[in-house]
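Participant: Okay, so here is entry23.txt, and as you'll see once you scroll down, it has compact mmCIF, C-alpha atoms.
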# COMPACT_ATOMS: atom_id res chain seq x y z
CA MET U 1 48.43 2.95 -17.22
CA SER U 2 48.58 4.30 -13.69
CA ALA U 3 51.43 1.92 -12.81
CA SER U 4 53.65 3.29 -15.61
CA ALA U 5 52.72 6.93 -15.06
CA ASP U 6 55.56 7.38 -12.58
CA PRO U 7 58.78 6.83 -14.60
CA ALA U 8 60.94 6.49 -11.47
CA PRO U 9 58.98 5.21 -8.48
CA SER U 10 60.72 5.40 -5.12
CA PRO U 11 62.57 2.15 -4.38
CA PHE U 12 61.82 2.50 -0.66
CA ARG U 13 58.93 0.96 1.25
CA ASP U 14 58.81 3.81 3.78
CA ALA U 15 60.81 6.66 5.32
CA ALA U 16 62.55 4.34 7.82
CA GLN U 17 63.89 2.12 5.03
CA ARG U 18 65.05 5.19 3.09
CA SER U 19 66.87 6.49 6.19
CA VAL U 20 68.69 3.19 6.76
CA ALA U 21 69.68 3.03 3.06
CA ASN U 22 71.02 6.58 3.29
CA HIS U 23 73.09 5.63 6.34
CA TYR U 24 74.59 2.60 4.57
CA GLY U 25 75.42 4.71 1.53
CA LEU U 26 77.01 7.54 3.46
CA TRP U 27 78.98 5.23 5.76
CA THR U 28 80.31 3.40 2.69
CA PHE U 29 81.50 6.76 1.35
CA LEU U 30 83.03 7.62 4.75
CA THR U 31 84.85 4.26 4.75
CA THR U 32 86.58 5.23 1.50
CA GLU U 33 87.43 8.57 3.15
CA ILE U 34 88.94 6.79 6.18
CA LEU U 35 91.21 4.84 3.82
CA PHE U 36 91.94 8.00 1.78
CA PHE U 37 93.11 10.01 4.81
CA GLY U 38 94.55 6.80 6.30
CA GLY U 39 97.24 6.68 3.60
CA LEU U 40 98.52 10.08 4.72
CA PHE U 41 98.28 9.16 8.42
CA THR U 42 100.30 5.98 7.73
CA THR U 43 102.94 7.98 5.80
CA TYR U 44 103.08 10.40 8.72
CA THR U 45 103.61 7.51 11.19
CA VAL U 46 106.39 5.90 9.12
CA TYR U 47 108.39 9.17 8.96
CA ARG U 48 107.55 10.16 12.53
CA LEU U 49 109.11 6.88 13.72
CA ALA U 50 112.14 7.47 11.49
CA TYR U 51 112.75 11.16 12.37
CA PRO U 52 111.22 11.97 15.80
CA ALA U 53 113.60 14.90 16.52
CA ALA U 54 112.92 16.55 13.15
CA TRP U 55 109.17 16.13 13.70
CA ALA U 56 109.41 17.99 17.03
CA GLU U 57 111.51 20.69 15.37
CA GLY U 58 109.04 21.11 12.49
CA SER U 59 106.03 21.13 14.80
CA SER U 60 107.55 23.98 16.86
CA HIS U 61 107.17 26.22 13.77
CA LEU U 62 103.38 25.84 13.85
CA GLU U 63 101.12 28.13 15.88
CA PHE U 64 99.79 26.11 18.81
CA TRP U 65 97.02 28.61 19.59
CA ILE U 66 95.71 28.44 16.01
CA GLY U 67 95.50 24.63 16.18
CA THR U 68 93.69 24.76 19.53
CA THR U 69 91.29 27.53 18.45
CA ASN U 70 90.52 25.69 15.21
CA THR U 71 89.73 22.49 17.14
CA GLY U 72 87.31 24.47 19.33
CA LEU U 73 85.69 26.04 16.25
CA LEU U 74 85.15 22.65 14.59
CA LEU U 75 83.78 20.97 17.73
CA THR U 76 81.31 23.87 18.15
CA SER U 77 80.30 23.63 14.47
CA SER U 78 79.64 19.90 15.01
CA LEU U 79 77.30 20.73 17.90
CA CYS U 80 75.51 23.29 15.67
CA ILE U 81 74.87 20.85 12.84
CA ALA U 82 73.79 18.13 15.32
CA LEU U 83 71.28 20.63 16.77
CA GLY U 84 70.17 21.42 13.20
CA ASP U 85 69.52 17.72 12.57
CA HIS U 86 67.54 17.57 15.83
CA ALA U 87 65.53 20.69 14.87
CA ILE U 88 64.59 19.56 11.32
CA LYS U 89 63.07 16.36 12.71
CA LEU U 90 60.87 18.49 14.98
CA GLY U 91 59.95 20.74 12.03
CA HIS U 92 61.64 23.84 13.49
CA ARG U 93 62.66 25.36 10.17
CA THR U 94 63.94 28.69 11.47
CA ALA U 95 66.12 26.90 14.03
CA VAL U 96 67.54 24.62 11.30
CA ARG U 97 68.47 27.58 9.17
CA TRP U 98 70.22 29.32 12.07
CA CYS U 99 72.11 26.12 12.88
CA LEU U 100 73.25 25.80 9.26
CA VAL U 101 74.34 29.47 9.13
CA LEU U 102 76.28 29.10 12.40
CA THR U 103 77.94 25.88 11.19
CA TRP U 104 78.91 27.62 7.93
CA LEU U 105 80.36 30.65 9.75
CA LEU U 106 82.36 28.47 12.17
CA GLY U 107 83.69 26.39 9.25
CA ALA U 108 84.60 29.55 7.32
CA SER U 109 86.38 30.95 10.41
CA PHE U 110 88.38 27.72 10.60
CA LEU U 111 89.50 28.14 6.98
CA CYS U 112 90.39 31.83 7.55
CA LEU U 113 92.62 30.90 10.52
CA LYS U 114 94.20 28.12 8.46
CA GLY U 115 94.89 30.61 5.66
CA TYR U 116 96.44 32.97 8.21
CA GLU U 117 98.72 30.16 9.43
CA TYR U 118 99.69 29.25 5.83
CA SER U 119 100.56 32.90 5.10
CA GLY U 120 102.69 33.02 8.29
CA LEU U 121 104.68 29.99 7.12
CA ALA U 122 105.05 31.62 3.68
CA ARG U 123 106.40 34.83 5.32
CA GLU U 124 108.94 32.74 7.24
CA HIS U 125 110.01 31.08 3.95
CA LEU U 126 108.94 27.65 5.22
CA LEU U 127 107.18 26.39 2.08
CA PRO U 128 108.64 22.93 1.36
CA GLY U 129 109.91 22.56 -2.20
CA LEU U 130 108.90 26.10 -3.20
CA ASP U 131 110.55 28.56 -0.84
CA PHE U 132 112.40 26.85 1.98
CA HIS U 133 114.92 29.28 3.50
CA PRO U 134 114.47 29.28 7.31
CA GLU U 135 115.79 32.40 9.09
CA HIS U 136 117.41 30.35 11.86
CA PRO U 137 119.48 27.31 10.92
CA LEU U 138 117.67 24.01 11.44
CA ALA U 139 119.18 20.87 12.93
CA HIS U 140 117.48 18.61 10.35
CA PRO U 141 116.55 20.74 7.29
CA PRO U 142 115.50 17.98 4.82
CA GLN U 143 113.44 16.08 7.39
CA VAL U 144 111.74 19.27 8.65
CA GLN U 145 110.88 20.00 5.03
CA LEU U 146 109.31 16.54 4.84
CA PHE U 147 107.28 17.25 8.01
CA LEU U 148 106.05 20.56 6.58
CA PHE U 149 105.21 18.87 3.28
CA LEU U 150 103.02 16.39 5.17
CA TYR U 151 101.56 19.29 7.20
CA PHE U 152 100.49 21.07 3.99
CA ALA U 153 99.28 17.84 2.33
CA MET U 154 97.18 16.71 5.31
CA THR U 155 95.75 20.09 6.31
CA GLY U 156 95.28 21.03 2.64
CA LEU U 157 93.30 17.86 1.91
CA HIS U 158 91.30 18.48 5.09
CA ALA U 159 90.68 22.10 4.05
CA LEU U 160 89.40 20.90 0.64
CA HIS U 161 86.93 18.67 2.49
CA MET U 162 85.89 21.65 4.62
CA LEU U 163 85.37 23.70 1.45
CA ALA U 164 83.19 20.94 -0.02
CA GLY U 165 81.30 20.85 3.30
CA LEU U 166 80.67 24.61 3.16
CA CYS U 167 79.24 24.23 -0.38
CA ALA U 168 77.06 21.32 0.83
CA ILE U 169 75.78 23.41 3.80
CA ALA U 170 74.78 26.21 1.41
CA TRP U 171 73.01 23.67 -0.82
CA VAL U 172 71.11 22.06 2.09
CA TYR U 173 70.18 25.56 3.38
CA TRP U 174 68.62 26.23 -0.03
CA LEU U 175 66.77 22.87 0.10
CA VAL U 176 65.38 23.72 3.56
CA HIS U 177 64.44 27.19 2.31
CA ARG U 178 62.56 25.69 -0.67
CA ARG U 179 60.84 23.16 1.66
CA ARG U 180 62.46 20.25 -0.19
CA VAL U 181 63.89 19.19 3.18
CA THR U 182 61.22 18.98 5.88
CA ALA U 183 60.37 17.12 9.09
CA GLU U 184 58.94 14.30 6.91
CA ARG U 185 62.06 14.20 4.71
CA PRO U 186 64.97 15.29 6.93
CA ASP U 187 67.66 12.98 5.51
CA ALA U 188 69.73 15.69 3.73
CA VAL U 189 70.52 17.47 7.02
CA GLU U 190 71.42 14.21 8.74
CA MET U 191 73.70 13.05 5.87
CA LEU U 192 75.37 16.48 5.73
CA GLY U 193 75.90 16.16 9.50
CA LEU U 194 77.54 12.74 9.15
CA TYR U 195 80.00 14.12 6.59
CA TRP U 196 80.72 17.26 8.64
CA HIS U 197 81.30 15.28 11.86
CA PHE U 198 83.67 12.96 10.01
CA VAL U 199 85.74 15.88 8.69
CA ASP U 200 85.75 17.18 12.28
CA CYS U 201 87.14 13.83 13.50
CA VAL U 202 89.98 13.95 10.96
CA TRP U 203 91.01 17.31 12.42
CA VAL U 204 90.71 15.95 15.98
CA PHE U 205 93.59 13.58 15.06
CA LEU U 206 95.54 16.11 12.98
CA TYR U 207 95.64 18.50 15.97
CA PRO U 208 97.79 16.36 18.33
CA LEU U 209 99.85 14.86 15.48
CA LEU U 210 100.83 18.22 13.98
CA TYR U 211 100.71 20.69 16.85
CA LEU U 212 101.52 18.68 19.99
CA VAL U 213 104.63 16.70 18.87
CA GLY U 214 106.85 19.80 19.17
CA HIS U 215 106.25 20.41 22.86
CA ARG U 216 108.24 17.72 24.53
CA MET B 1 63.19 4.59 12.46
CA PRO B 2 66.02 4.42 15.03
CA ALA B 3 65.79 6.95 17.86
CA ASP B 4 68.06 10.00 17.84
CA PRO B 5 69.88 11.65 20.75
CA LYS B 6 68.00 14.18 22.87
CA ARG B 7 69.04 17.83 22.78
CA SER B 8 70.33 17.65 26.36
CA THR B 9 72.50 14.67 25.33
CA LEU B 10 74.02 16.75 22.50
CA PHE B 11 74.92 19.59 24.89
CA LEU B 12 76.35 17.09 27.40
CA CYS B 13 78.53 15.60 24.64
CA PHE B 14 79.70 19.07 23.62
CA GLY B 15 80.66 19.80 27.25
CA ALA B 16 82.64 16.56 27.38
CA LEU B 17 84.37 17.46 24.07
CA LEU B 18 85.39 20.87 25.45
CA VAL B 19 86.80 19.25 28.62
CA LEU B 20 88.80 16.85 26.43
CA LEU B 21 90.03 19.75 24.25
CA THR B 22 91.19 21.60 27.40
CA LEU B 23 93.01 18.46 28.56
CA ALA B 24 94.65 18.08 25.12
CA ALA B 25 95.78 21.72 25.18
CA LEU B 26 97.29 21.24 28.67
CA VAL B 27 99.30 18.12 27.68
CA PRO B 28 102.34 20.21 26.51
CA LEU B 29 102.61 21.67 30.05
CA LEU B 30 103.30 18.20 31.48
CA PRO B 31 106.92 17.11 32.01
CA PRO B 32 108.35 15.76 28.73
CA GLY B 33 108.17 12.03 28.19
CA PRO B 34 107.55 9.36 25.59
CA TRP B 35 103.94 8.92 26.77
CA LEU B 36 102.79 12.47 25.87
CA LEU B 37 101.93 11.59 22.25
CA PRO B 38 100.04 8.37 23.19
CA LEU B 39 98.16 10.43 25.81
CA SER B 40 97.24 13.08 23.19
CA LEU B 41 96.10 10.36 20.79
CA ALA B 42 94.02 8.70 23.52
CA ILE B 43 92.27 12.06 24.12
CA ALA B 44 91.66 12.36 20.35
CA ALA B 45 90.24 8.81 20.29
CA ALA B 46 87.89 9.67 23.18
CA LYS B 47 86.67 12.77 21.30
CA THR B 48 86.13 10.68 18.15
CA ALA B 49 84.20 8.05 20.14
CA ILE B 50 81.82 10.73 21.49
CA ILE B 51 81.32 12.22 18.01
CA PHE B 52 80.78 8.82 16.35
CA LEU B 53 78.42 7.44 19.00
CA PHE B 54 76.23 10.48 19.66
CA PHE B 55 76.67 13.18 16.98
CA MET B 56 76.83 10.54 14.21
CA HIS B 57 74.09 8.44 15.86
CA LEU B 58 75.99 5.13 15.88
CA ARG B 59 74.78 4.56 19.45
CA TYR B 60 71.24 4.55 18.06
CA GLN B 61 71.80 2.67 14.79
CA ARG B 62 71.22 -0.97 13.96
CA GLY B 63 74.14 -3.39 13.97
CA LEU B 64 74.88 -3.42 10.25
CA VAL B 65 75.41 0.35 10.06
CA ARG B 66 77.91 0.00 12.94
CA VAL B 67 79.68 -2.76 11.00
CA PHE B 68 79.97 -0.37 8.03
CA ALA B 69 81.44 2.28 10.32
CA VAL B 70 84.00 -0.08 11.88
CA ALA B 71 84.98 -1.69 8.54
CA GLY B 72 86.96 1.37 7.39
CA PHE B 73 89.08 1.40 10.54
CA PHE B 74 89.55 -2.37 10.31
CA TRP B 75 90.96 -2.22 6.77
CA LEU B 76 93.03 0.86 7.57
CA GLY B 77 94.41 -0.96 10.63
CA LEU B 78 95.43 -3.93 8.45
CA ALA B 79 97.05 -1.72 5.81
CA ALA B 80 98.89 0.39 8.40
CA ALA B 81 100.05 -2.65 10.43
CA LEU B 82 101.43 -4.43 7.35
CA THR B 83 103.14 -1.23 6.14
CA LEU B 84 104.78 -0.70 9.53
CA SER B 85 105.81 -4.36 9.75
CA ASP B 86 107.86 -3.66 6.63
CA TYR B 87 109.41 -0.32 7.69
CA LEU B 88 110.11 -1.32 11.31
CA THR B 89 111.96 -4.50 10.33
CA ARG B 90 114.09 -3.16 7.45
CA GLY B 91 117.10 -2.65 9.72
CA TRP B 92 117.20 -6.35 10.66
CA ASN B 93 119.12 -7.33 7.53
CA THR B 94 121.96 -4.90 8.06
CA GLY B 95 122.00 -5.42 11.81
The structure given in the file should be rewritten as structure tokens.

Facilitator:
Amino acid sequence: MSASADPAPSPFRDAAQRSVANHYGLWTFLTTEILFFGGLFTTYTVYRLAYPAAWAEGSSHLEFWIGTTNTGLLLTSSLCIALGDHAIKLGHRTAVRWCLVLTWLLGASFLCLKGYEYSGLAREHLLPGLDFHPEHPLAHPPQVQLFLFLYFAMTGLHALHMLAGLCAIAWVYWLVHRRRVTAERPDAVEMLGLYWHFVDCVWVFLYPLLYLVGHR
Amino acid sequence: MPADPKRSTLFLCFGALLVLLTLAALVPLLPPGPWLLPLSLAIAAAKTAIIFLFFMHLRYQRGLVRVFAVAGFFWLGLAAALTLSDYLTRGWNTG
């Protein structure tokens, strides 16, 4: 009866096969994410080609320094989680935990800055559909509203992904703490890293599209 | 198991990403022109390439994982190109 004692034997021959299967699985998920965000990027492109002047006008209402700082925060957080992945494979558990904490703090700082920018737009009455009463008259009010709607939709969806990432970091930290993730079984940190880097890449494209089209 | 990047490689990539971020932030200081947005997007694509190849280990993965990674962009490219072929040619009827 020894063969049936384990109700769910591992389907993998060895750790290498498990790692490759994990990569296929996560990249399949990321492919659906590329198409998910891609819909918004395509919508953005269609309207950007139709209303270039309004896009520049709308973009000038965003805080350039916040966009730049947030890009720096996310790139640094990507380095931290990549170092964490490197450390877990060497069995450096304390280093992994510090990397995860730093990544979490950098991600949380990103969301705080984003919240600050949202509140600034709310104070200026630039919430499309809800409270859109700009202090200074706009040259293209409806189209600027459309730009800001896309700004909130794209950054909001990205922020939701960041929030999910922060929860996942906390979960993986707990797994490392409980020694469920170790040098012999490091996949959770690597998969978390893949997701986090992808969310970083989405922002890398949002930054020029939202913040740099106004300065021309 | 496929090899992973060395720690020095990760720091080198981070340095390159910061240089690219500085370049992106300096783009608005250039004289205005229609090529500023393509330039910004090229910088973003370079950043993404570094992140995908080194931070996301594609440089060290076997071919099929790379195919998975490229497939998303391929299908998105098709969908976006066909969408734009509609919107960009709508004016042709009315002249």

Participant: Quick check, in Å to one decimal: how far apart do atom CA of U:Glu33 and atom CA of B:Phe11 lie?

Facilitator: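 The value is 27.4 Å.
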
Participant: Between U:Asp6, U:Glu184, U:Asp200, U:Glu190, which residue has the minimum interatomic distance to U:Leu100, considering all atoms listed in the file?

Facilitator: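 Between U:Asp6, U:Glu184, U:Asp200, U:Glu190, the residue approaching U:Leu100 most closely is U:Glu190.
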
Participant: When you get a sec, could you note down which chain B residues fall within 9 Å of chain U, using only C-alpha atoms, as a ChimeraX atom specification?

Facilitator: /B:1-2,4-7,10-11,13-14,17-18,21-22,24-25,27-34,36-37,40-41,44-45,47-48,51-52,55-57,61-62,64-66,68-73,75-77,79-80,83-84,87-88

Participant: What does the distance from atom CA of U:Gln143 to atom CA of U:Ala53 come to in Å, to one decimal?

Facilitator: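 Result for atom CA of U:Gln143 versus atom CA of U:Ala53: 9.2 Å, one decimal.
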
Participant: Excluding U:Arg93 and any residue of its chain fewer than 4 positions from it, enumerate the residues within 12 Å of it, using all atoms listed in the file, and give them as a list in words.

Facilitator: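 Counting all atoms listed in the file, the residues come to Leu83, Gly84, Asp85, His86, Ala87, Ile88, Lys89, Arg97, Trp98, Cys99, Leu100, Tyr173, Trp174, Leu175, Val176, His177, Arg178, Arg179, Arg180, Val181, Thr182, Ala183, Pro186 and Val189 of chain U.
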
Participant: Just how far from atom CA of U:Ala108 is atom CA of B:Leu58, in Å to one decimal?

Facilitator: 27.3 Å

Participant: Using only C-alpha atoms, which residue out of B:Gly91, B:Leu26, B:Thr9, B:Leu82 lies closest to B:Arg59?

Facilitator: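 Going through B:Gly91, B:Leu26, B:Thr9, B:Leu82 one by one, the smallest distance to B:Arg59 is for B:Thr9.
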
Participant: Step by step, gather every atom of stretch 21-40 of chain U that the file lists, find the box along x, y and z that holds them, add 5 Å on each side, and finally give centre and edge lengths in Å to one decimal, as AutoDock Vina command-line options.

Facilitator:
--center_x 84.1 --center_y 6.3 --center_z 3.8 --size_x 38.8 --size_y 17.5 --size_z 15.0

Participant: (117.9, 20.3, 7.6) in this file's frame - what residues fall within 12 Å of it? Use only C-alpha atoms and give the answer as number ranges by chain.

Facilitator: U: 51, 53-55, 57-58, 126, 128, 132-134, 136-148
